[in-house]
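See below for query-v2.pdb, which holds PDB, C-alpha atoms, pLDDT in the B column.
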ATOM      1  CA  MET C   1     104.997  99.685 123.091  1.00 42.00           C
ATOM      2  CA  GLN C   2     104.131  99.067 119.454  1.00 53.00           C
ATOM      3  CA  ASP C   3     102.241  95.869 118.721  1.00 67.00           C
ATOM      4  CA  LYS C   4     103.739  95.416 115.255  1.00 67.00           C
ATOM      5  CA  PRO C   5     106.885  96.637 113.470  1.00 51.00           C
ATOM      6  CA  PHE C   6     106.525  99.431 110.914  1.00 48.00           C
ATOM      7  CA  TRP C   7     107.079  97.131 107.960  1.00 44.00           C
ATOM      8  CA  GLU C   8     103.837  95.240 108.543  1.00 49.00           C
ATOM      9  CA  GLN C   9     101.823  98.202 107.295  1.00 56.00           C
ATOM     10  CA  SER C  10     103.751  98.630 104.056  1.00 52.00           C
ATOM     11  CA  TYR C  11     103.856  94.868 103.499  1.00 55.00           C
ATOM     12  CA  SER C  12     100.064  95.157 103.277  1.00 53.00           C
ATOM     13  CA  ASP C  13     100.285  97.927 100.671  1.00 52.00           C
ATOM     14  CA  TYR C  14     100.890  96.500  97.213  1.00 45.00           C
ATOM     15  CA  GLU C  15     101.597  99.950  95.734  1.00 49.00           C
ATOM     16  CA  VAL C  16     104.844 100.561  97.640  1.00 48.00           C
ATOM     17  CA  SER C  17     108.160  98.817  98.361  1.00 53.00           C
ATOM     18  CA  THR C  18     109.081  98.717 102.029  1.00 47.00           C
ATOM     19  CA  PHE C  19     112.847  98.414 101.549  1.00 46.00           C
ATOM     20  CA  SER C  20     113.188  99.599  97.928  1.00 52.00           C
ATOM     21  CA  LYS C  21     112.911  97.515  94.785  1.00 63.00           C
ATOM     22  CA  GLY C  22     115.515  95.167  93.444  1.00 75.00           C
ATOM     23  CA  PRO C  23     118.152  93.149  95.296  1.00 89.00           C
ATOM     24  CA  THR C  24     120.188  94.386  98.229  1.00 88.00           C
ATOM     25  CA  VAL C  25     123.409  96.211  97.360  1.00 88.00           C
ATOM     26  CA  ASP C  26     125.736  93.307  98.155  1.00 91.00           C
ATOM     27  CA  VAL C  27     123.726  90.786  96.135  1.00 94.00           C
ATOM     28  CA  GLU C  28     123.554  93.157  93.175  1.00 92.00           C
ATOM     29  CA  GLU C  29     127.281  93.825  93.345  1.00 94.00           C
ATOM     30  CA  PHE C  30     128.553  90.291  93.863  1.00 94.00           C
ATOM     31  CA  TYR C  31     125.940  88.005  92.291  1.00 93.00           C
ATOM     32  CA  GLU C  32     128.209  87.084  89.389  1.00 95.00           C
ATOM     33  CA  MET C  33     130.488  85.174  91.777  1.00 94.00           C
ATOM     34  CA  PHE C  34     127.605  83.157  93.251  1.00 95.00           C
ATOM     35  CA  PRO C  35     126.888  79.666  91.936  1.00 91.00           C
ATOM     36  CA  ARG C  36     124.285  79.161  89.208  1.00 91.00           C
ATOM     37  CA  ASN C  37     121.606  76.478  89.154  1.00 96.00           C
ATOM     38  CA  ALA C  38     122.017  76.584  92.921  1.00 98.00           C
ATOM     39  CA  ASP C  39     119.941  75.733  95.971  1.00 98.00           C
ATOM     40  CA  VAL C  40     119.331  79.041  97.761  1.00 98.00           C
ATOM     41  CA  LEU C  41     117.686  79.851 101.103  1.00 98.00           C
ATOM     42  CA  ASP C  42     116.597  83.432 101.857  1.00 97.00           C
ATOM     43  CA  VAL C  43     116.021  83.895 105.596  1.00 97.00           C
ATOM     44  CA  GLY C  44     113.698  86.759 106.524  1.00 91.00           C
ATOM     45  CA  CYS C  45     112.947  87.440 102.869  1.00 91.00           C
ATOM     46  CA  GLY C  46     110.343  90.170 103.424  1.00 87.00           C
ATOM     47  CA  GLU C  47     108.817  91.120 100.080  1.00 86.00           C
ATOM     48  CA  GLY C  48     111.200  88.800  98.262  1.00 91.00           C
ATOM     49  CA  ARG C  49     113.586  91.303  96.723  1.00 90.00           C
ATOM     50  CA  ASN C  50     116.619  88.991  96.829  1.00 95.00           C
ATOM     51  CA  SER C  51     114.628  85.776  96.377  1.00 95.00           C
ATOM     52  CA  ILE C  52     113.040  86.884  93.129  1.00 94.00           C
ATOM     53  CA  PHE C  53     116.280  88.342  91.762  1.00 95.00           C
ATOM     54  CA  LEU C  54     118.172  85.097  92.409  1.00 97.00           C
ATOM     55  CA  ALA C  55     115.340  82.953  91.041  1.00 97.00           C
ATOM     56  CA  LYS C  56     115.509  84.951  87.804  1.00 95.00           C
ATOM     57  CA  LEU C  57     119.080  83.642  87.506  1.00 95.00           C
ATOM     58  CA  GLU C  58     117.640  80.107  87.364  1.00 94.00           C
ATOM     59  CA  ASN C  59     118.438  79.159  90.929  1.00 97.00           C
ATOM     60  CA  ARG C  60     116.096  77.040  93.065  1.00 98.00           C
ATOM     61  CA  VAL C  61     115.065  79.473  95.781  1.00 98.00           C
ATOM     62  CA  GLU C  62     113.313  78.775  99.064  1.00 98.00           C
ATOM     63  CA  ALA C  63     112.451  81.841 101.143  1.00 97.00           C
ATOM     64  CA  PHE C  64     110.686  82.449 104.415  1.00 96.00           C
ATOM     65  CA  ASP C  65     109.689  85.244 106.731  1.00 92.00           C
ATOM     66  CA  ILE C  66     107.807  85.461 110.008  1.00 88.00           C
ATOM     67  CA  SER C  67     105.464  88.026 108.431  1.00 85.00           C
ATOM     68  CA  GLU C  68     102.409  86.559 106.712  1.00 87.00           C
ATOM     69  CA  ASN C  69     101.835  89.917 105.011  1.00 87.00           C
ATOM     70  CA  GLY C  70     105.382  89.943 103.674  1.00 87.00           C
ATOM     71  CA  ILE C  71     105.064  86.431 102.282  1.00 91.00           C
ATOM     72  CA  LYS C  72     101.689  87.140 100.675  1.00 90.00           C
ATOM     73  CA  LYS C  73     103.169  90.177  98.963  1.00 87.00           C
ATOM     74  CA  ALA C  74     106.273  88.275  97.847  1.00 90.00           C
ATOM     75  CA  VAL C  75     104.118  85.510  96.358  1.00 93.00           C
ATOM     76  CA  LYS C  76     102.031  88.031  94.456  1.00 91.00           C
ATOM     77  CA  ILE C  77     105.100  89.810  93.054  1.00 89.00           C
ATOM     78  CA  ALA C  78     106.700  86.513  92.008  1.00 91.00           C
ATOM     79  CA  GLU C  79     103.487  85.324  90.356  1.00 93.00           C
ATOM     80  CA  HIS C  80     103.152  88.626  88.507  1.00 90.00           C
ATOM     81  CA  GLU C  81     106.706  88.266  87.195  1.00 90.00           C
ATOM     82  CA  LYS C  82     106.177  84.538  86.534  1.00 95.00           C
ATOM     83  CA  ILE C  83     109.201  83.643  88.655  1.00 94.00           C
ATOM     84  CA  PRO C  84     109.130  80.366  90.644  1.00 95.00           C
ATOM     85  CA  VAL C  85     110.086  80.813  94.325  1.00 96.00           C
ATOM     86  CA  THR C  86     109.059  78.578  97.211  1.00 98.00           C
ATOM     87  CA  PHE C  87     107.825  81.131  99.768  1.00 97.00           C
ATOM     88  CA  PHE C  88     106.536  80.159 103.211  1.00 96.00           C
ATOM     89  CA  THR C  89     105.880  81.697 106.612  1.00 94.00           C
ATOM     90  CA  CYS C  90     108.148  80.626 109.471  1.00 93.00           C
ATOM     91  CA  ASP C  91     109.896  81.988 112.554  1.00 91.00           C
ATOM     92  CA  LEU C  92     113.631  81.448 112.103  1.00 93.00           C
ATOM     93  CA  GLY C  93     113.789  80.108 115.663  1.00 94.00           C
ATOM     94  CA  GLU C  94     111.480  77.286 114.576  1.00 96.00           C
ATOM     95  CA  PHE C  95     113.004  76.586 111.170  1.00 97.00           C
ATOM     96  CA  VAL C  96     114.437  73.085 110.767  1.00 97.00           C
ATOM     97  CA  PHE C  97     117.128  72.533 108.146  1.00 98.00           C
ATOM     98  CA  LYS C  98     116.474  69.430 106.050  1.00 97.00           C
ATOM     99  CA  LYS C  99     119.115  69.889 103.353  1.00 98.00           C
ATOM    100  CA  GLU C 100     122.278  71.736 102.446  1.00 98.00           C
ATOM    101  CA  TYR C 101     122.318  74.898 100.350  1.00 98.00           C
ATOM    102  CA  ASP C 102     124.786  76.484  97.969  1.00 98.00           C
ATOM    103  CA  MET C 103     123.857  79.911  99.316  1.00 98.00           C
ATOM    104  CA  ILE C 104     122.061  81.163 102.414  1.00 98.00           C
ATOM    105  CA  LEU C 105     121.116  84.832 102.748  1.00 97.00           C
ATOM    106  CA  SER C 106     119.859  86.810 105.704  1.00 96.00           C
ATOM    107  CA  HIS C 107     119.466  90.581 105.515  1.00 92.00           C
ATOM    108  CA  GLY C 108     118.366  92.784 108.414  1.00 86.00           C
ATOM    109  CA  VAL C 109     116.967  89.900 110.453  1.00 91.00           C
ATOM    110  CA  LEU C 110     119.431  88.145 112.746  1.00 96.00           C
ATOM    111  CA  HIS C 111     119.571  90.997 115.270  1.00 92.00           C
ATOM    112  CA  LEU C 112     115.830  90.669 115.900  1.00 88.00           C
ATOM    113  CA  PRO C 113     115.654  87.385 117.895  1.00 92.00           C
ATOM    114  CA  VAL C 114     117.388  86.850 121.228  1.00 96.00           C
ATOM    115  CA  LYS C 115     121.109  86.091 121.096  1.00 96.00           C
ATOM    116  CA  GLU C 116     120.793  82.388 121.871  1.00 97.00           C
ATOM    117  CA  VAL C 117     118.380  81.883 118.983  1.00 97.00           C
ATOM    118  CA  ARG C 118     120.357  83.837 116.406  1.00 96.00           C
ATOM    119  CA  ASP C 119     123.692  82.277 117.412  1.00 97.00           C
ATOM    120  CA  LYS C 120     122.267  78.767 117.074  1.00 98.00           C
ATOM    121  CA  PHE C 121     120.733  79.693 113.735  1.00 97.00           C
ATOM    122  CA  ILE C 122     124.060  80.957 112.417  1.00 98.00           C
ATOM    123  CA  GLN C 123     125.694  77.693 113.483  1.00 98.00           C
ATOM    124  CA  ASP C 124     122.957  75.729 111.694  1.00 98.00           C
ATOM    125  CA  MET C 125     123.376  77.900 108.588  1.00 98.00           C
ATOM    126  CA  GLN C 126     127.061  77.115 108.510  1.00 98.00           C
ATOM    127  CA  VAL C 127     126.555  73.378 108.955  1.00 98.00           C
ATOM    128  CA  HIS C 128     123.967  73.306 106.171  1.00 98.00           C
ATOM    129  CA  THR C 129     126.027  75.277 103.654  1.00 98.00           C
ATOM    130  CA  LYS C 130     127.721  73.121 101.030  1.00 97.00           C
ATOM    131  CA  ALA C 131     131.498  73.215 100.756  1.00 97.00           C
ATOM    132  CA  GLY C 132     132.348  76.153  98.531  1.00 96.00           C
ATOM    133  CA  GLY C 133     128.946  77.711  99.221  1.00 97.00           C
ATOM    134  CA  PHE C 134     128.166  81.189 100.517  1.00 98.00           C
ATOM    135  CA  ASN C 135     126.555  82.865 103.493  1.00 98.00           C
ATOM    136  CA  VAL C 136     125.472  86.443 102.714  1.00 98.00           C
ATOM    137  CA  ILE C 137     124.500  88.324 105.867  1.00 97.00           C
ATOM    138  CA  ARG C 138     123.741  91.863 106.944  1.00 94.00           C
ATOM    139  CA  ILE C 139     122.925  92.708 110.550  1.00 94.00           C
ATOM    140  CA  PHE C 140     122.633  95.807 112.724  1.00 91.00           C
ATOM    141  CA  THR C 141     125.283  96.521 115.345  1.00 92.00           C
ATOM    142  CA  ASN C 142     125.325  98.394 118.616  1.00 93.00           C
ATOM    143  CA  ARG C 143     127.497 101.159 117.197  1.00 91.00           C
ATOM    144  CA  LEU C 144     124.126 102.952 117.242  1.00 81.00           C
ATOM    145  CA  PRO C 145     121.102 102.063 119.393  1.00 78.00           C
ATOM    146  CA  ALA C 146     118.062 100.578 117.701  1.00 74.00           C
ATOM    147  CA  THR C 147     115.699 103.256 116.423  1.00 72.00           C
ATOM    148  CA  PRO C 148     112.718 103.827 118.754  1.00 69.00           C
ATOM    149  CA  ASP C 149     110.243 102.126 116.438  1.00 70.00           C
ATOM    150  CA  ASN C 150     112.543  99.127 115.934  1.00 68.00           C
ATOM    151  CA  ALA C 151     113.713  98.793 119.525  1.00 67.00           C
ATOM    152  CA  PRO C 152     110.728  96.735 120.800  1.00 71.00           C
ATOM    153  CA  PHE C 153     111.481  94.093 118.166  1.00 69.00           C
ATOM    154  CA  THR C 154     115.298  94.187 118.256  1.00 75.00           C
ATOM    155  CA  HIS C 155     116.601  91.793 120.899  1.00 85.00           C
ATOM    156  CA  SER C 156     120.288  91.254 120.098  1.00 89.00           C
ATOM    157  CA  LEU C 157     122.221  93.958 118.288  1.00 92.00           C
ATOM    158  CA  PHE C 158     125.610  92.545 117.341  1.00 94.00           C
ATOM    159  CA  ASP C 159     128.869  93.908 118.690  1.00 95.00           C
ATOM    160  CA  VAL C 160     131.031  95.407 115.953  1.00 95.00           C
ATOM    161  CA  GLY C 161     133.210  92.595 114.662  1.00 97.00           C
ATOM    162  CA  GLU C 162     131.084  89.851 116.178  1.00 97.00           C
ATOM    163  CA  LEU C 163     129.636  88.670 112.876  1.00 97.00           C
ATOM    164  CA  PRO C 164     132.897  88.157 110.939  1.00 97.00           C
ATOM    165  CA  ALA C 165     134.429  86.531 114.027  1.00 98.00           C
ATOM    166  CA  LYS C 166     131.767  83.832 113.804  1.00 98.00           C
ATOM    167  CA  TYR C 167     133.129  82.966 110.356  1.00 98.00           C
ATOM    168  CA  ALA C 168     136.664  82.117 111.409  1.00 96.00           C
ATOM    169  CA  GLY C 169     137.847  79.385 109.077  1.00 95.00           C
ATOM    170  CA  TRP C 170     135.682  80.632 106.197  1.00 98.00           C
ATOM    171  CA  GLU C 171     136.929  82.836 103.376  1.00 97.00           C
ATOM    172  CA  ILE C 172     135.583  86.359 103.917  1.00 97.00           C
ATOM    173  CA  VAL C 173     134.980  87.509 100.352  1.00 96.00           C
ATOM    174  CA  HIS C 174     133.478  90.852 101.361  1.00 96.00           C
ATOM    175  CA  HIS C 175     133.185  92.741 104.641  1.00 97.00           C
ATOM    176  CA  GLU C 176     131.782  96.180 105.372  1.00 95.00           C
ATOM    177  CA  GLU C 177     130.857  98.007 108.573  1.00 95.00           C
ATOM    178  CA  GLY C 178     129.448 101.466 109.195  1.00 87.00           C
ATOM    179  CA  THR C 179     126.253 103.493 109.408  1.00 84.00           C
ATOM    180  CA  PHE C 180     123.570 104.484 106.908  1.00 58.00           C
ATOM    181  CA  THR C 181     120.289 106.339 106.734  1.00 70.00           C
ATOM    182  CA  ASP C 182     117.189 105.131 104.961  1.00 62.00           C
ATOM    183  CA  SER C 183     113.543 106.011 104.431  1.00 56.00           C
ATOM    184  CA  HIS C 184     110.391 103.929 104.204  1.00 48.00           C
ATOM    185  CA  PRO C 185     106.769 104.471 103.137  1.00 50.00           C
ATOM    186  CA  GLY C 186     104.795 106.555 105.622  1.00 55.00           C
ATOM    187  CA  ASP C 187     107.512 109.224 106.014  1.00 55.00           C
ATOM    188  CA  ILE C 188     109.661 106.927 108.192  1.00 54.00           C
ATOM    189  CA  HIS C 189     113.353 107.790 108.440  1.00 58.00           C
ATOM    190  CA  HIS C 190     116.087 105.820 110.213  1.00 59.00           C
ATOM    191  CA  GLU C 191     119.782 105.763 110.937  1.00 70.00           C
ATOM    192  CA  HIS C 192     121.314 102.338 111.539  1.00 71.00           C
ATOM    193  CA  ALA C 193     124.723 100.862 112.246  1.00 88.00           C
ATOM    194  CA  TYR C 194     125.367  97.742 110.208  1.00 91.00           C
ATOM    195  CA  GLU C 195     127.896  95.079 109.381  1.00 96.00           C
ATOM    196  CA  ARG C 196     127.744  92.749 106.418  1.00 95.00           C
ATOM    197  CA  ILE C 197     129.771  89.859 105.113  1.00 97.00           C
ATOM    198  CA  ILE C 198     129.900  87.496 102.196  1.00 97.00           C
ATOM    199  CA  ALA C 199     131.656  84.350 103.405  1.00 98.00           C
ATOM    200  CA  ARG C 200     132.563  81.228 101.420  1.00 98.00           C
ATOM    201  CA  LYS C 201     132.784  77.862 103.164  1.00 97.00           C
ATOM    202  CA  VAL C 202     136.248  76.488 102.602  1.00 93.00           C
ATOM    203  CA  GLN C 203     136.349  73.169 100.753  1.00 79.00           C
ATOM    204  CA  LYS C 204     138.245  70.563 102.728  1.00 70.00           C
TER
END
Please express the file's structure as structure tokens.
Amino acid sequence: MQDKPFWEQSYSDYEVSTFSKGPTVDVEEFYEMFPRNADVLDVGCGEGRNSIFLAKLENRVEAFDISENGIKKAVKIAEHEKIPVTFFTCDLGEFVFKKEYDMILSHGVLHLPVKEVRDKFIQDMQVHTKAGGFNVIRIFTNRLPATPDNAPFTHSLFDVGELPAKYAGWEIVHHEEGTFTDSHPGDIHHEHAYERIIARKVQK
């Protein structure tokens, strides 16, 4: 079994981007509908691609990842671009919410911990999202098995439809489900099944 996931190596290489540069597709496509001057939390931020993009829009961004290498790289990129982001290292299973946010993002992360941990975290995300605020989430589903190099670190692939079902009572602004292929530094190639949503908390 691998000791570390593949991304740890490229997180340590400041000459490459592990998951491509710039924001994720959904953030790039829908950012104009997101609130401005907002409190944002990026969960499992990696190299900070979404965090830095949203901070450039004058939001107050906090971002964490379990990877110390990822956070070090994100800090260096943000400092180089002179963009203020509060980056810190944390396991999402140990994160304690202390405030509410206008927007909480989590991309490619929530299928990694065990089901009990990720389900509780999603509940906490929802509670700590302001009325009218957004949750922006992408996860991997069991439409395809985890790739061999990811499998040791992937503990709870979602069932197809499980993620949007957790947002009953919210407005689902965007929903997409399917498969995709991607490549990473080191000649790494994957095929994943994914589901993603942008959900707005209904104001009561």
task = Name every residue that the PyMOL selection byres ((chain C and resi 74) around 12) selects in this structure, writing the answer as a PyMOL selection string with chains first and numbers rising.
result = chain C and resi 11-14+17-18+21+44-53+62-65+67-73+75-89
Explicit residues for the PyMOL selection byres ((chain C and resi 203) around 7) (as a list in words) = Ala131, Gly132, Lys201, Val202 and Lys204 of chain C
Neighbouring residues of Glu162 (chain C) were defined as those with any atom within 12 Å, considering all atoms listed in the file; residues of the same chain fewer than 2 positions away were excluded. Please report them as a tab-separated table (two decimals) with C-alpha atoms, in the coordinates of the input.
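This went into out23.tsv:
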chain	number	residue	atom	x	y	z
C	111	HIS	CA	119.57	91.00	115.27
C	115	LYS	CA	121.11	86.09	121.10
C	119	ASP	CA	123.69	82.28	117.41
C	122	ILE	CA	124.06	80.96	112.42
C	138	ARG	CA	123.74	91.86	106.94
C	139	ILE	CA	122.92	92.71	110.55
C	140	PHE	CA	122.63	95.81	112.72
C	141	THR	CA	125.28	96.52	115.34
C	142	ASN	CA	125.32	98.39	118.62
C	143	ARG	CA	127.50	101.16	117.20
C	156	SER	CA	120.29	91.25	120.10
C	157	LEU	CA	122.22	93.96	118.29
C	158	PHE	CA	125.61	92.54	117.34
C	159	ASP	CA	128.87	93.91	118.69
C	160	VAL	CA	131.03	95.41	115.95
C	164	PRO	CA	132.90	88.16	110.94
C	165	ALA	CA	134.43	86.53	114.03
C	166	LYS	CA	131.77	83.83	113.80
C	167	TYR	CA	133.13	82.97	110.36
C	168	ALA	CA	136.66	82.12	111.41
C	177	GLU	CA	130.86	98.01	108.57
C	194	TYR	CA	125.37	97.74	110.21
C	195	GLU	CA	127.90	95.08	109.38
C	196	ARG	CA	127.74	92.75	106.42
C	197	ILE	CA	129.77	89.86	105.11
message = Given all atoms listed in the file as the basis, pick out the residue of C:Gly108, C:Phe121, C:Asp26, C:Val40 nearest to Val96 (chain C).
response =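 Among the listed residues, C:Phe121 lies closest to Val96 (chain C).
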task = Find the residue from C:Ala193, C:Val173, C:His128, C:Pro152 that sits nearest to Met33 (chain C); use all atoms listed in the file when measuring.
result =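 Checking each candidate against Met33 (chain C), we get C:Val173 as the closest.
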remark   = Separating CA of Leu57 (chain C) from CA of Trp170 (chain C), to the nearest tenth of an Å, is a gap of 25.2 Å
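Proximity to Gly133 (chain C) was assessed for C:Leu54, C:Ile198, C:Met103, C:Cys90 counting all atoms listed in the file; the smallest distance is recorded for C:Met103.
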ask   = Nearest to Lys120 (chain C) among C:Leu92, C:Leu105, C:Leu144, C:Val136, with distances taken over only C-alpha atoms: which residue is it?
value = C:Leu92
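Shortest separation to Gly161 (chain C) among C:Asp149, C:Ala199, C:Glu176, C:Arg118 occurs at residue C:Glu176, atoms counted being only C-alpha atoms.
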remark   = Nearest to Gln126 (chain C), restricted to all atoms listed in the file and choosing among C:Thr154, C:Gly169, C:Val25, C:Thr147, comes out as C:Gly169
inquiry  = Please compute the CA of Tyr31 (chain C)-CA of Leu112 (chain C) distance, one decimal, in Å.
reply    = 25.8 Å
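Reported to one decimal place, the separation of CA of Asn135 (chain C) from CA of Asn37 (chain C) is 16.5 Å.
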message = Every residue with an atom at most 6 Å from (122.3, 80.6, 88.9) (file coordinates; all atoms listed in the file) is what I'm after, so could you write them as a PyMOL selection string?
response = chain C and resi 35-38+57-59
